[in-house]
>>> print(open('coords.txt').read())   # compact mmCIF, C-alpha atoms and all ligand atoms
# COMPACT_ATOMS: atom_id res chain seq x y z
CA MET A 1 15.45 88.57 133.90
CA ALA A 2 15.15 86.47 137.01
CA ALA A 3 11.98 86.80 139.01
CA SER A 4 11.45 85.86 142.60
CA THR A 5 10.02 82.36 142.97
CA GLY A 6 8.14 83.49 145.98
CA CYS A 7 10.33 81.17 148.04
CA GLY A 8 11.90 84.19 149.67
CA ASP A 9 14.89 83.55 151.83
CA GLY A 10 13.48 80.49 153.48
CA GLY A 11 14.27 82.08 156.80
CA GLY A 12 17.98 81.41 156.31
CA GLY A 13 18.82 84.73 154.63
CA ALA A 14 19.43 83.44 151.08
CA THR A 15 17.21 84.81 148.31
CA VAL A 16 16.00 82.19 145.83
CA VAL A 17 15.01 83.24 142.31
CA ASN A 18 14.02 81.63 139.02
CA ASN A 19 16.98 80.83 136.78
CA LYS A 20 16.22 80.47 133.06
CA GLN A 21 18.50 77.88 131.43
CA MET A 22 19.09 76.65 127.89
CA ILE A 23 19.14 72.87 127.82
CA LEU A 24 20.31 70.40 125.17
CA ARG A 25 17.27 68.12 124.78
CA ASP A 26 19.25 65.27 123.20
CA TYR A 27 22.19 64.82 120.85
CA ALA A 28 21.46 66.38 117.48
CA THR A 29 21.25 64.08 114.51
CA GLY A 30 21.69 65.53 111.02
CA PHE A 31 22.01 69.30 110.93
CA VAL A 32 21.57 70.81 114.41
CA ALA A 33 18.19 72.48 114.85
CA GLU A 34 16.68 75.01 117.24
CA SER A 35 14.39 72.22 118.46
CA ASP A 36 17.46 70.39 119.84
CA LEU A 37 17.53 73.10 122.52
CA SER A 38 14.89 74.24 124.98
CA VAL A 39 14.60 76.94 127.60
CA THR A 40 13.53 75.81 131.07
CA THR A 41 13.57 77.29 134.54
CA ALA A 42 15.24 76.11 137.74
CA ALA A 43 15.61 77.77 141.13
CA VAL A 44 18.90 79.30 142.25
CA GLU A 45 20.06 80.70 145.56
CA LEU A 46 21.65 84.10 145.13
CA SER A 47 24.52 83.37 147.49
CA VAL A 48 27.57 81.14 147.63
CA PRO A 49 27.20 78.21 150.08
CA ALA A 50 28.98 78.87 153.37
CA GLY A 51 32.63 77.80 153.27
CA SER A 52 32.70 77.39 149.49
CA THR A 53 35.33 79.11 147.31
CA ALA A 54 32.89 79.25 144.38
CA VAL A 55 31.66 82.47 142.78
CA LEU A 56 28.03 83.27 141.97
CA VAL A 57 27.71 85.28 138.77
CA LYS A 58 24.94 86.95 136.79
CA ASN A 59 25.51 86.23 133.11
CA LEU A 60 25.42 89.29 130.85
CA TYR A 61 26.72 88.21 127.42
CA LEU A 62 27.12 84.71 126.02
CA SER A 63 29.28 83.89 123.03
CA CYS A 64 27.81 81.82 120.16
CA ASP A 65 30.67 79.79 118.66
CA PRO A 66 30.83 77.15 115.90
CA TYR A 67 32.48 74.54 118.18
CA MET A 68 29.30 74.53 120.27
CA GLY A 69 27.49 72.94 117.33
CA ILE A 70 29.97 70.06 117.42
CA ARG A 71 29.32 69.68 121.14
CA MET A 72 25.58 69.31 120.47
CA ARG A 73 26.29 66.08 118.62
CA LYS A 74 27.22 62.64 119.94
CA PRO A 75 30.98 62.77 120.57
CA SER A 76 32.96 61.46 117.63
CA PRO A 77 36.35 59.78 118.16
CA SER A 78 38.06 62.60 116.21
CA SER A 79 36.57 65.49 118.21
CA LEU A 80 36.76 63.88 121.64
CA ALA A 81 40.41 64.64 122.28
CA LEU A 82 39.78 68.38 122.05
CA ILE A 83 36.17 69.01 123.03
CA GLY A 84 33.69 66.96 124.98
CA ALA A 85 30.01 66.89 124.04
CA PHE A 86 27.34 68.71 126.04
CA THR A 87 25.25 66.54 128.35
CA PRO A 88 21.65 65.98 127.20
CA GLY A 89 19.20 67.34 129.75
CA LYS A 90 21.73 69.86 131.11
CA PRO A 91 22.43 73.48 130.14
CA ILE A 92 24.94 73.92 127.34
CA ASP A 93 27.97 76.07 128.24
CA GLY A 94 30.39 78.43 126.60
CA HIS A 95 32.39 81.63 126.98
CA GLY A 96 30.64 84.60 128.49
CA VAL A 97 30.90 87.87 130.35
CA SER A 98 29.39 87.84 133.83
CA LYS A 99 29.08 89.98 136.95
CA VAL A 100 29.95 88.68 140.39
CA ILE A 101 26.94 88.64 142.73
CA ASP A 102 28.56 86.81 145.64
CA SER A 103 32.00 85.33 146.12
CA GLY A 104 33.68 82.78 148.34
CA SER A 105 36.92 83.25 146.40
CA PRO A 106 39.61 85.67 147.59
CA SER A 107 40.30 86.55 143.92
CA PHE A 108 36.82 87.94 143.16
CA LYS A 109 34.48 90.34 144.90
CA ARG A 110 30.88 91.41 144.38
CA GLY A 111 30.59 93.70 141.35
CA ASP A 112 33.66 92.35 139.54
CA LEU A 113 33.25 91.61 135.84
CA VAL A 114 34.58 88.29 134.64
CA TYR A 115 35.32 86.62 131.30
CA CYS A 116 34.54 82.98 132.03
CA VAL A 117 33.05 79.72 130.86
CA VAL A 118 29.48 79.45 132.14
CA PRO A 119 26.39 77.36 131.58
CA TRP A 120 23.80 79.12 129.41
CA GLU A 121 21.56 80.43 132.18
CA GLU A 122 20.88 83.67 134.01
CA TYR A 123 22.87 82.90 137.17
CA SER A 124 25.75 80.44 137.55
CA LEU A 125 27.85 79.14 140.39
CA ILE A 126 31.34 78.81 138.96
CA ASN A 127 34.56 77.44 140.35
CA PRO A 128 37.35 79.83 139.30
CA THR A 129 40.05 77.35 140.26
CA THR A 130 38.94 74.72 137.75
CA GLY A 131 37.38 76.72 134.89
CA LEU A 132 38.32 79.82 132.90
CA ALA A 133 37.59 82.95 134.97
CA LEU A 134 39.53 86.10 134.11
CA LYS A 135 38.77 89.39 135.81
CA ILE A 136 37.96 92.16 133.31
CA ASP A 137 40.09 95.20 134.15
CA HIS A 138 39.38 97.41 131.13
CA THR A 139 35.75 98.47 131.35
CA ASP A 140 36.02 101.43 128.96
CA ILE A 141 35.52 98.84 126.17
CA PRO A 142 31.99 97.46 125.53
CA LEU A 143 31.67 94.35 127.67
CA SER A 144 30.31 92.26 124.77
CA TYR A 145 33.73 92.67 123.08
CA TYR A 146 35.14 90.16 125.57
CA THR A 147 33.15 87.44 123.79
CA GLY A 148 34.83 88.29 120.47
CA ILE A 149 37.53 90.79 119.58
CA LEU A 150 38.92 90.64 123.15
CA GLY A 151 38.02 87.01 123.79
CA MET A 152 38.62 83.54 122.39
CA PRO A 153 37.80 84.42 118.73
CA GLY A 154 40.17 87.40 118.87
CA LEU A 155 42.95 85.24 120.30
CA THR A 156 42.23 82.73 117.52
CA ALA A 157 42.72 85.41 114.86
CA TYR A 158 45.88 86.70 116.58
CA ILE A 159 47.58 83.32 117.01
CA GLY A 160 46.29 81.92 113.73
CA PHE A 161 47.52 84.81 111.65
CA TYR A 162 50.73 86.00 113.32
CA GLU A 163 51.92 82.61 114.56
CA ILE A 164 50.58 79.91 112.25
CA CYS A 165 50.52 81.80 108.93
CA SER A 166 54.09 83.28 109.27
CA PRO A 167 52.96 86.31 107.24
CA LYS A 168 55.19 88.72 105.32
CA LYS A 169 54.46 92.16 103.92
CA GLY A 170 53.06 92.09 100.39
CA GLU A 171 51.82 88.49 100.51
CA TYR A 172 48.51 87.35 99.01
CA VAL A 173 46.04 86.31 101.71
CA PHE A 174 42.70 84.56 101.33
CA ILE A 175 40.20 84.10 104.20
CA SER A 176 36.98 82.06 104.15
CA ALA A 177 33.98 82.88 106.40
CA ALA A 178 35.75 86.23 106.31
CA SER A 179 33.07 88.47 107.81
CA GLY A 180 32.65 86.40 110.99
CA ALA A 181 34.18 86.81 114.42
CA VAL A 182 37.59 85.42 113.50
CA GLY A 183 37.71 86.26 109.78
CA GLN A 184 37.04 90.00 110.10
CA LEU A 185 40.03 90.34 112.44
CA VAL A 186 42.40 88.16 110.42
CA GLY A 187 41.65 90.31 107.36
CA GLN A 188 42.40 93.51 109.22
CA PHE A 189 45.61 92.12 110.74
CA ALA A 190 46.72 91.12 107.24
CA LYS A 191 45.94 94.59 105.87
CA MET A 192 47.92 96.17 108.74
CA MET A 193 50.88 94.04 107.67
CA GLY A 194 50.63 95.28 104.08
CA CYS A 195 49.22 92.12 102.51
CA TYR A 196 46.75 91.87 99.64
CA VAL A 197 43.59 90.45 101.23
CA VAL A 198 40.53 88.77 99.74
CA GLY A 199 37.65 87.17 101.64
CA SER A 200 34.71 84.94 100.84
CA ALA A 201 31.35 85.16 102.56
CA GLY A 202 27.80 83.97 102.04
CA SER A 203 25.79 87.09 101.15
CA LYS A 204 26.02 90.42 99.33
CA GLU A 205 25.66 92.27 102.64
CA LYS A 206 28.67 90.41 104.03
CA VAL A 207 30.72 91.01 100.89
CA ASP A 208 29.94 94.74 101.16
CA LEU A 209 31.02 94.67 104.80
CA LEU A 210 34.35 93.07 103.85
CA LYS A 211 35.13 95.62 101.15
CA ASN A 212 33.65 98.77 102.66
CA ARG A 213 34.14 98.43 106.42
CA PHE A 214 36.93 95.95 107.02
CA GLY A 215 39.11 97.23 104.16
CA PHE A 216 39.57 93.96 102.25
CA ASP A 217 40.98 94.49 98.75
CA ASP A 218 38.37 92.21 97.24
CA ALA A 219 35.66 89.77 98.28
CA PHE A 220 33.14 87.39 96.73
CA ASN A 221 29.94 85.58 97.64
CA TYR A 222 30.89 81.91 97.38
CA LYS A 223 27.22 80.94 97.05
CA GLU A 224 26.97 82.82 93.77
CA GLU A 225 30.19 81.54 92.22
CA PRO A 226 29.46 78.48 90.05
CA ASP A 227 33.21 77.83 89.75
CA LEU A 228 35.20 78.53 92.94
CA ASP A 229 38.49 77.78 91.21
CA ALA A 230 37.74 80.45 88.60
CA ALA A 231 36.69 82.95 91.30
CA LEU A 232 39.99 82.46 93.13
CA LYS A 233 42.03 82.71 89.90
CA ARG A 234 40.19 85.97 89.13
CA CYS A 235 41.00 87.42 92.58
CA PHE A 236 44.53 86.00 92.76
CA PRO A 237 46.04 85.88 89.24
CA GLU A 238 49.44 85.38 90.91
CA GLY A 239 48.24 82.81 93.44
CA ILE A 240 47.71 82.68 97.21
CA ASP A 241 50.53 82.74 99.79
CA ILE A 242 48.34 82.35 102.86
CA TYR A 243 44.96 80.72 103.23
CA PHE A 244 43.20 81.20 106.56
CA GLU A 245 40.89 78.21 106.55
CA ASN A 246 37.56 78.55 108.36
CA VAL A 247 35.29 76.51 106.15
CA GLY A 248 36.83 73.36 104.55
CA GLY A 249 35.18 71.20 101.88
CA LYS A 250 34.81 72.66 98.38
CA ILE A 251 36.51 75.96 99.23
CA LEU A 252 39.62 74.21 100.54
CA ASP A 253 39.73 72.03 97.44
CA ALA A 254 39.58 75.06 95.14
CA VAL A 255 42.13 77.03 97.20
CA LEU A 256 44.68 74.21 96.94
CA LEU A 257 44.78 74.75 93.17
CA SER A 258 45.66 78.44 93.61
CA MET A 259 48.31 78.11 96.32
CA ARG A 260 51.80 79.37 95.56
CA ILE A 261 54.99 77.46 96.24
CA HIS A 262 55.82 77.51 99.98
CA GLY A 263 52.32 78.79 100.77
CA ARG A 264 50.85 78.34 104.23
CA ILE A 265 47.39 77.17 105.22
CA ALA A 266 46.30 77.83 108.81
CA VAL A 267 43.54 75.32 109.48
CA CYS A 268 41.40 77.15 111.98
CA GLY A 269 38.01 75.61 111.25
CA ASN A 270 35.97 73.46 108.87
CA ILE A 271 32.49 74.75 109.56
CA SER A 272 31.04 73.38 106.31
CA GLN A 273 31.77 69.85 107.57
CA TYR A 274 30.70 70.02 111.22
CA HIS A 275 27.10 68.96 110.64
CA LEU A 276 27.54 66.47 107.83
CA GLU A 277 26.96 62.81 108.63
CA GLU A 278 29.83 62.05 106.23
CA TRP A 279 32.59 64.57 105.59
CA GLU A 280 33.26 65.61 102.02
CA GLY A 281 36.58 64.44 100.67
CA VAL A 282 39.37 66.80 99.58
CA ARG A 283 40.56 65.88 96.08
CA ASN A 284 43.47 68.24 95.52
CA LEU A 285 45.61 67.42 98.55
CA THR A 286 48.54 66.25 96.44
CA THR A 287 49.10 69.95 95.64
CA VAL A 288 50.50 70.23 99.18
CA ILE A 289 53.49 68.20 97.92
CA TYR A 290 53.91 69.84 94.51
CA LYS A 291 53.73 73.35 95.99
CA ARG A 292 55.58 72.50 99.24
CA ILE A 293 52.69 73.94 101.25
CA ARG A 294 52.71 74.02 105.04
CA MET A 295 49.23 73.18 106.32
CA GLU A 296 48.89 73.46 110.09
CA GLY A 297 45.91 73.01 112.35
CA PHE A 298 45.81 74.78 115.68
CA ALA A 299 43.60 74.93 118.77
CA THR A 300 43.28 78.26 120.54
CA SER A 301 42.91 76.49 123.88
CA ASP A 302 46.64 75.64 123.61
CA PHE A 303 47.45 79.37 123.56
CA MET A 304 45.50 80.69 126.57
CA CYS A 305 48.87 81.47 128.20
CA ARG A 306 49.20 84.21 125.52
CA PHE A 307 45.87 85.82 126.46
CA SER A 308 47.21 88.86 128.33
CA GLU A 309 49.82 89.53 125.60
CA PHE A 310 46.96 89.42 123.07
CA VAL A 311 44.77 91.80 125.11
CA GLU A 312 47.69 94.28 125.38
CA PHE A 313 48.09 94.08 121.58
CA MET A 314 44.37 94.53 120.90
CA LEU A 315 43.41 97.28 123.37
CA PRO A 316 45.24 100.17 121.67
CA LEU A 317 43.94 99.11 118.27
CA ILE A 318 40.38 99.30 119.61
CA ARG A 319 40.88 102.51 121.58
CA GLU A 320 42.58 104.30 118.67
CA GLY A 321 39.93 103.12 116.20
CA LYS A 322 42.50 101.22 114.14
CA VAL A 323 40.32 98.14 113.94
CA THR A 324 36.65 97.85 112.99
CA TYR A 325 34.55 95.33 114.83
CA VAL A 326 31.04 94.23 113.89
CA GLU A 327 28.91 92.14 116.23
CA ASP A 328 25.39 90.82 115.97
CA ILE A 329 23.71 90.96 119.37
CA VAL A 330 20.50 89.03 120.00
CA GLU A 331 18.69 89.78 123.27
CA GLY A 332 17.13 87.31 125.69
CA LEU A 333 18.05 83.75 126.66
CA GLU A 334 14.81 82.53 125.04
CA ASN A 335 16.26 83.65 121.69
CA GLY A 336 19.45 81.64 122.29
CA PRO A 337 18.47 78.64 120.13
CA ALA A 338 17.85 80.87 117.09
CA ALA A 339 21.08 82.82 117.67
CA LEU A 340 23.26 79.74 118.07
CA VAL A 341 21.76 77.66 115.27
CA GLY A 342 21.68 80.73 113.00
CA LEU A 343 25.48 80.67 113.05
CA PHE A 344 25.48 77.36 111.19
CA HIS A 345 23.27 78.85 108.49
CA GLY A 346 25.29 82.06 108.19
CA ARG A 347 22.50 84.26 109.59
CA ASN A 348 24.95 86.24 111.76
CA LEU A 349 26.42 89.48 110.48
CA GLY A 350 29.70 89.68 112.38
CA LYS A 351 30.34 88.11 115.78
CA GLN A 352 27.19 86.44 117.15
CA VAL A 353 26.49 87.35 120.76
CA LEU A 354 23.55 86.60 123.05
CA MET A 355 22.75 89.29 125.60
CA VAL A 356 21.17 87.75 128.68
CA ALA A 357 21.03 90.81 130.91
CA CYS A 358 22.08 94.46 130.91
CA GLU A 359 25.03 95.34 133.03
P1 LIG B 1 31.66 83.06 112.28
O1 LIG B 1 32.46 83.16 111.03
O2 LIG B 1 31.35 84.29 113.04
O3 LIG B 1 30.29 82.32 112.01
C1 LIG B 1 30.25 81.15 111.28
C2 LIG B 1 30.12 81.47 109.78
O4 LIG B 1 30.49 80.32 109.04
C3 LIG B 1 28.70 81.76 109.32
O5 LIG B 1 28.33 83.09 109.54
C4 LIG B 1 28.79 81.43 107.84
O6 LIG B 1 29.23 82.58 107.13
C5 LIG B 1 29.90 80.39 107.77
N1 LIG B 1 29.32 79.08 107.42
C6 LIG B 1 28.42 78.38 108.07
N2 LIG B 1 28.14 77.23 107.42
C7 LIG B 1 28.89 77.24 106.31
C8 LIG B 1 29.06 76.35 105.22
N3 LIG B 1 28.38 75.20 105.15
N4 LIG B 1 29.94 76.68 104.24
C9 LIG B 1 30.62 77.83 104.32
N5 LIG B 1 30.51 78.72 105.32
C10 LIG B 1 29.66 78.42 106.31
O7 LIG B 1 32.39 82.02 113.25
P2 LIG B 1 33.81 82.21 113.95
O8 LIG B 1 33.60 82.16 115.40
O9 LIG B 1 34.50 83.37 113.35
O10 LIG B 1 34.57 80.87 113.53
C11 LIG B 1 35.13 80.76 112.23
C12 LIG B 1 35.83 79.41 112.11
O11 LIG B 1 36.88 79.36 113.06
C13 LIG B 1 34.93 78.20 112.42
O12 LIG B 1 35.24 77.17 111.54
C14 LIG B 1 35.34 77.82 113.82
O13 LIG B 1 35.08 76.47 114.12
C15 LIG B 1 36.80 78.17 113.80
N6 LIG B 1 37.43 78.40 115.11
C16 LIG B 1 38.49 77.61 115.43
C17 LIG B 1 39.16 77.82 116.61
C18 LIG B 1 40.37 76.97 116.92
O14 LIG B 1 40.79 76.91 118.07
N7 LIG B 1 40.95 76.33 115.93
C19 LIG B 1 38.72 78.80 117.50
C20 LIG B 1 37.63 79.61 117.14
C21 LIG B 1 36.99 79.39 115.92
P3 LIG B 1 28.87 82.79 105.57
O15 LIG B 1 27.54 83.43 105.54
O16 LIG B 1 29.97 83.64 105.10
O17 LIG B 1 28.83 81.41 104.98
>>> encode(input="coords.txt", output="structure tokens")
Amino acid sequence: MAASTGCGDGGGGATVVNNKQMILRDYATGFVAESDLSVTTAAVELSVPAGSTAVLVKNLYLSCDPYMGIRMRKPSPSSLALIGAFTPGKPIDGHGVSKVIDSGSPSFKRGDLVYCVVPWEEYSLINPTTGLALKIDHTDIPLSYYTGILGMPGLTAYIGFYEICSPKKGEYVFISAASGAVGQLVGQFAKMMGCYVVGSAGSKEKVDLLKNRFGFDDAFNYKEEPDLDAALKRCFPEGIDIYFENVGGKILDAVLLSMRIHGRIAVCGNISQYHLEEWEGVRNLTTVIYKRIRMEGFATSDFMCRFSEFVEFMLPLIREGKVTYVEDIVEGLENGPAALVGLFHGRNLGKQVLMVACE
């Protein structure tokens, strides 16, 4: 929570308070570590400068996402086109849910709730005309959901499955990192469509979640399978029609051997490769030719124009209890480094969220 700096209003009417921030110390080398981040304090005025159209928000929930790990590293030529790196010495940023404290924008007023991109800090001055800032109209849903099932990861699952995978009833679907923010939703969408769905995850607890809460037909712990090819053949004796790719590396290589003719692979993420100095090679790519597989990468940022359509699709599923959603909420900005870096070690159970303040 912000505390008064003792600066008061300086006689000009504006209250100044401490603003805790999470800073990237320097570009991470090797696997990103909690020590690459630090929490510091700056001062912030709790009002929008006169004449400005900016909006001052209090940040409530911050989303921990795998792409943020890539942004903690020196920009590589391959990632640059899509995502820029964070700036060392400055707060990192990402998607969040915030409350408007003061507004110079005609589109927002004090008390409004906003889904936006914000620096990781307690209070932020945002410019709604240049960055993502969507007013939250449906407040009967837990606000943290806007960082996941009703936010960017949810849209990723929606576009990735319905658009990129071209699914049909009865098809065989495999999902890696299946218990996470995106995977848990893709699995449930596939079950709703009448597909046979199997997921992989990195612990027994996650495998239980997949089978017992998310309704997957089967699941396995990839860390305990000495032969991934054999595990996939056991789960899919007739092969895989759709692979929703979140992980890359060895899992992708094994999946290629089990794909059926005219199968589809939606390349959503390659989290196993993000923190390697040298990416692992994929040996079985020629299968894409033999099996006439369509393998398609996609970036959710290209589909933000579909956001309101996606929210309209998702809201009734949530309200009617037709979808199960599991999130892992860590409290306090000072615990941000552990929450974010934990994602890259699989410590999250469900969508990883950082709660900065209560509503
Ligand atoms: P998440 O699954 O909630 O969290 C990441 C999970 O990845 C971890 O819990 C861990 O689960 C798994 N993981 C971490 N390191 C791994 C490794 N070396 N090998 C295998 N698994 C590993 O994350 P999410 O937000 O749902 O994102 C899932 C994927 O979607 C990521 O690859 C992400 O980059 C991608 N994504 C892409 C877009 C896009 O626009 N294309 C948008 C959003 C997300 P286990 O314990 O199961 O290993």
>>> atom_distance(input="coords.txt", atom1="CA of Ser98 in chain A", atom2="CA of Ala33 in chain A")
26.9 Å
>>> residues_near_ligand(input="coords.txt", ligand="ligand LIG 1 (chain B)", cutoff="6 Å", atoms="only C-alpha atoms and all ligand atoms", output="ChimeraX atom specification")
/A:65-67,153,156,177,180-183,201-203,246-247,268-272,298-300,343-348,350-351
>>> atom_distance(input="coords.txt", atom1="CA of Val173 in chain A", atom2="CA of Phe313 in chain A")
21.4 Å
>>> closest_residue(input="coords.txt", among="A:Ser35, A:Thr29, A:Ser105, A:Ser78", to="Pro49 in chain A", atoms="only C-alpha atoms")
A:Ser105
>>> residues_near_point(input="coords.txt", point="(21.3, 65.7, 116.7)", cutoff="12 Å", atoms="all atoms listed in the file", output="list in words")
Leu24, Arg25, Asp26, Tyr27, Ala28, Thr29, Gly30, Phe31, Val32, Ala33, Glu34, Ser35, Asp36, Leu37, Gly69, Ile70, Arg71, Met72, Arg73, Lys74, Pro75, Ala85, Phe86, Pro88, Tyr274, His275, Leu276 and Glu277 of chain A
>>> residues_around(input="coords.txt", residues="Cys358 in chain A", least_positions_apart="4", cutoff="10 Å", atoms="all atoms listed in the file", output="number ranges by chain")
A: 1, 58-61, 331
>>> write_last_selection(input="coords.txt", atoms="C-alpha atoms", output="mmCIF file, in the frame of the given file")
data_model
loop_
_atom_site.group_PDB
_atom_site.id
_atom_site.type_symbol
_atom_site.label_atom_id
_atom_site.label_comp_id
_atom_site.auth_asym_id
_atom_site.auth_seq_id
_atom_site.Cartn_x
_atom_site.Cartn_y
_atom_site.Cartn_z
ATOM 1 C CA MET A 1 15.450 88.570 133.900
ATOM 2 C CA LYS A 58 24.940 86.950 136.790
ATOM 3 C CA ASN A 59 25.510 86.230 133.110
ATOM 4 C CA LEU A 60 25.420 89.290 130.850
ATOM 5 C CA TYR A 61 26.720 88.210 127.420
ATOM 6 C CA GLU A 331 18.690 89.780 123.270
#
>>> residues_around(input="coords.txt", residues="range 286-293 of chain A", least_positions_apart="4", cutoff="10 Å", atoms="all atoms listed in the file", output="list in words")
Asp241, Ile242, Asp253, Leu256, Leu257, Ser258, Met259, Arg260, Ile261, His262, Gly263, Arg264, Ile265 and Val282 of chain A
>>> decode(input="coords.txt", residues="range 44-60 of chain A", atoms="N, CA, C and O atoms", output="CSV table (one decimal), in the first residue's frame")
chain,number,residue,atom,x,y,z
A,44,VAL,N,4.9,9.7,-6.2
A,44,VAL,CA,3.9,10.0,-7.2
A,44,VAL,C,2.9,11.0,-6.7
A,44,VAL,O,2.5,10.9,-5.6
A,45,GLU,N,2.5,11.9,-7.6
A,45,GLU,CA,1.4,12.8,-7.3
A,45,GLU,C,0.1,12.1,-7.6
A,45,GLU,O,0.0,11.6,-8.7
A,46,LEU,N,-0.8,12.2,-6.7
A,46,LEU,CA,-2.1,11.5,-6.9
A,46,LEU,C,-3.1,12.4,-7.7
A,46,LEU,O,-4.3,12.4,-7.4
A,47,SER,N,-2.6,13.0,-8.7
A,47,SER,CA,-3.5,13.8,-9.6
A,47,SER,C,-2.9,13.9,-11.0
A,47,SER,O,-1.7,13.8,-11.1
A,48,VAL,N,-3.8,14.0,-12.0
A,48,VAL,CA,-3.3,14.2,-13.4
A,48,VAL,C,-2.9,15.6,-13.5
A,48,VAL,O,-3.6,16.6,-13.1
A,49,PRO,N,-1.7,15.9,-14.2
A,49,PRO,CA,-1.3,17.3,-14.4
A,49,PRO,C,-2.3,18.1,-15.1
A,49,PRO,O,-3.0,17.5,-16.0
A,50,ALA,N,-2.5,19.3,-14.8
A,50,ALA,CA,-3.5,20.2,-15.4
A,50,ALA,C,-3.3,20.2,-16.9
A,50,ALA,O,-2.2,20.3,-17.4
A,51,GLY,N,-4.5,20.0,-17.6
A,51,GLY,CA,-4.5,20.1,-19.1
A,51,GLY,C,-4.1,18.8,-19.7
A,51,GLY,O,-4.2,18.7,-21.0
A,52,SER,N,-3.7,17.8,-19.0
A,52,SER,CA,-3.3,16.5,-19.6
A,52,SER,C,-4.5,15.6,-19.8
A,52,SER,O,-5.5,15.7,-19.1
A,53,THR,N,-4.4,14.8,-20.8
A,53,THR,CA,-5.6,13.8,-21.0
A,53,THR,C,-5.2,12.4,-20.5
A,53,THR,O,-5.8,11.4,-20.8
A,54,ALA,N,-4.1,12.4,-19.7
A,54,ALA,CA,-3.7,11.1,-19.1
A,54,ALA,C,-4.7,10.7,-18.0
A,54,ALA,O,-5.6,11.5,-17.6
A,55,VAL,N,-4.5,9.4,-17.5
A,55,VAL,CA,-5.4,8.9,-16.5
A,55,VAL,C,-4.5,8.3,-15.3
A,55,VAL,O,-3.5,7.6,-15.6
A,56,LEU,N,-4.8,8.7,-14.1
A,56,LEU,CA,-4.0,8.2,-13.0
A,56,LEU,C,-4.7,7.0,-12.4
A,56,LEU,O,-5.9,7.1,-12.0
A,57,VAL,N,-4.1,5.8,-12.4
A,57,VAL,CA,-4.7,4.6,-11.9
A,57,VAL,C,-4.0,4.0,-10.7
A,57,VAL,O,-2.8,4.2,-10.5
A,58,LYS,N,-4.8,3.3,-9.9
A,58,LYS,CA,-4.2,2.5,-8.8
A,58,LYS,C,-4.3,1.1,-9.3
A,58,LYS,O,-5.3,0.6,-9.7
A,59,ASN,N,-3.1,0.4,-9.3
A,59,ASN,CA,-3.1,-0.9,-9.9
A,59,ASN,C,-3.5,-2.0,-8.8
A,59,ASN,O,-3.1,-2.0,-7.7
A,60,LEU,N,-4.5,-2.8,-9.2
A,60,LEU,CA,-5.0,-3.8,-8.3
A,60,LEU,C,-4.4,-5.2,-8.6
A,60,LEU,O,-3.9,-5.8,-7.7
